[in-house]
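K.L.:
I am attaching a structure below and will ask some questions about it afterwards.
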Amino acid sequence: MLESKVLDIAAAKIYLRIDEDAEDSLIEFLLEFSKEEIERATGVKFDSGGTTNLYKMAQLIIITDRYENRGSLDQPFQPNNSLTSLYTKLRYKAGGYSG
């Protein structure tokens with residue numbers, strides 16, 4: 001499913017279990033939002049960490065949360081424990097941690 005180097009709309013739709021194209025513009029927006037959120041939370045820019053499965057999983061968690069809670073887009077995103085763990089790993093990876 002996530003074989004490409006960059007998370008794309010097709011992979012996001014598979015993860016969200018969406019077959020139709022009616023919400024593609026929302027999903028595209030959420031893809032960009034997830035990149036911005038990860039950068040704000042970790043300091044990891046998309047081009048420096050965005051081609052890893054770790055980064056893609058963080059994106060999917062954010063996209064899923066915002067998709068399922070789209071009525072509350074005006075409220076700040078609150079990371080959960082899984083996402084917080086991924087953020088920590090992304091920070092270590094960006095800092096040169098290899099273990």
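Going through the structure tokens in order, the chains are called A, B, and so on, while each chain numbers its residues from 1 and the ligands are numbered from 1 in the order shown.
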Identify, on the basis of only C-alpha atoms, every residue whose closest approach to A:Glu28 does not exceed 9 Å; exclude the query and any residue fewer than 5 positions from it along the same chain; express the result as a PyMOL selection string.

P.N.:
chain A and resi 8-9+23+33

K.L.:
Put those residues in a file: N, CA and C atoms, as an mmCIF file, in the first residue's frame.

P.N.:
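part.cif, freshly written:
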data_model
loop_
_atom_site.group_PDB
_atom_site.id
_atom_site.type_symbol
_atom_site.label_atom_id
_atom_site.label_comp_id
_atom_site.auth_asym_id
_atom_site.auth_seq_id
_atom_site.Cartn_x
_atom_site.Cartn_y
_atom_site.Cartn_z
ATOM 1 N N ASP A 8 0.649 9.634 -1.201
ATOM 2 C CA ASP A 8 -0.178 10.299 -2.188
ATOM 3 C C ASP A 8 -1.650 10.087 -1.869
ATOM 4 N N ILE A 9 -2.487 10.728 -2.656
ATOM 5 C CA ILE A 9 -3.924 10.664 -2.398
ATOM 6 C C ILE A 9 -4.458 9.237 -2.517
ATOM 7 N N GLU A 23 -14.422 13.433 -2.474
ATOM 8 C CA GLU A 23 -13.739 14.178 -1.421
ATOM 9 C C GLU A 23 -12.239 14.328 -1.672
ATOM 10 N N PHE A 33 -1.918 19.633 5.014
ATOM 11 C CA PHE A 33 -2.045 19.972 6.432
ATOM 12 C C PHE A 33 -1.157 19.068 7.283
#

K.L.:
Show which residues sit within 9 Å of A:Ser82, as number ranges by chain. Count only C-alpha atoms, and ignore same-chain residues fewer than 5 positions away.

P.N.:
A: 58, 61, 87

K.L.:
Pull the helix (DSSP H, G or I) assignments for stretch 37-70 of chain A out of DSSP run on the backbone, and list those residues as a VMD selection string.

P.N.:
chain A and resid 37 to 42 46 to 49 53 to 68 70

K.L.:
What is the distance between atom CA of A:Asn81 and atom CA of A:Asp24, in Å to one decimal?

P.N.:
28.0 Å

K.L.:
How far is it from atom CA of A:Gly43 to atom CA of A:Arg91, in Å with one decimal?

P.N.:
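Atom CA of A:Arg91 lies 7.3 Å from atom CA of A:Gly43.
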
K.L.:
Excluding A:Glu37 and residues on its chain fewer than 5 positions from it, collect all residues at most 12 Å away from it, counting only C-alpha atoms, and give them as a ChimeraX atom specification.

P.N.:
/A:30-32,42-46,55,58-63,66,76-79,83-84,87

K.L.:
Could those selected residues go to a file with C-alpha atoms, as an mmCIF file, in the first residue's frame?

P.N.:
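Written file, result.cif:
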data_model
loop_
_atom_site.group_PDB
_atom_site.id
_atom_site.type_symbol
_atom_site.label_atom_id
_atom_site.label_comp_id
_atom_site.auth_asym_id
_atom_site.auth_seq_id
_atom_site.Cartn_x
_atom_site.Cartn_y
_atom_site.Cartn_z
ATOM 1 C CA LEU A 30 -5.350 17.101 4.577
ATOM 2 C CA LEU A 31 -2.182 15.735 2.945
ATOM 3 C CA GLU A 32 -0.718 19.252 2.935
ATOM 4 C CA THR A 42 8.948 18.149 15.095
ATOM 5 C CA GLY A 43 10.937 20.629 13.041
ATOM 6 C CA VAL A 44 11.285 17.925 10.386
ATOM 7 C CA LYS A 45 10.584 19.386 6.957
ATOM 8 C CA PHE A 46 8.820 17.248 4.387
ATOM 9 C CA TYR A 55 6.668 10.103 8.329
ATOM 10 C CA ALA A 58 2.309 10.175 11.104
ATOM 11 C CA GLN A 59 0.596 11.737 8.083
ATOM 12 C CA LEU A 60 -2.013 8.980 7.987
ATOM 13 C CA ILE A 61 -2.836 9.404 11.682
ATOM 14 C CA ILE A 62 -3.290 13.149 11.230
ATOM 15 C CA ILE A 63 -5.300 12.751 8.025
ATOM 16 C CA ARG A 66 -9.009 15.399 10.652
ATOM 17 C CA PRO A 76 -6.467 22.761 17.070
ATOM 18 C CA PHE A 77 -5.217 19.288 16.268
ATOM 19 C CA GLN A 78 -4.337 17.306 19.412
ATOM 20 C CA PRO A 79 -1.785 14.513 18.849
ATOM 21 C CA LEU A 83 1.471 10.231 17.041
ATOM 22 C CA THR A 84 3.528 11.686 19.878
ATOM 23 C CA TYR A 87 7.023 12.669 16.422
#

K.L.:
What does the distance from atom CA of A:Ala41 to atom CA of A:Val6 come to in Å, to one decimal?

P.N.:
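Between these atoms lies a distance of 19.4 Å.
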
K.L.:
Could you tell me which of A:Ser34, A:Ile18, A:Gly71, A:Lys89 comes closest to A:Lys56 if we count only C-alpha atoms?

P.N.:
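Closest residue, counting only C-alpha atoms: A:Ser34.
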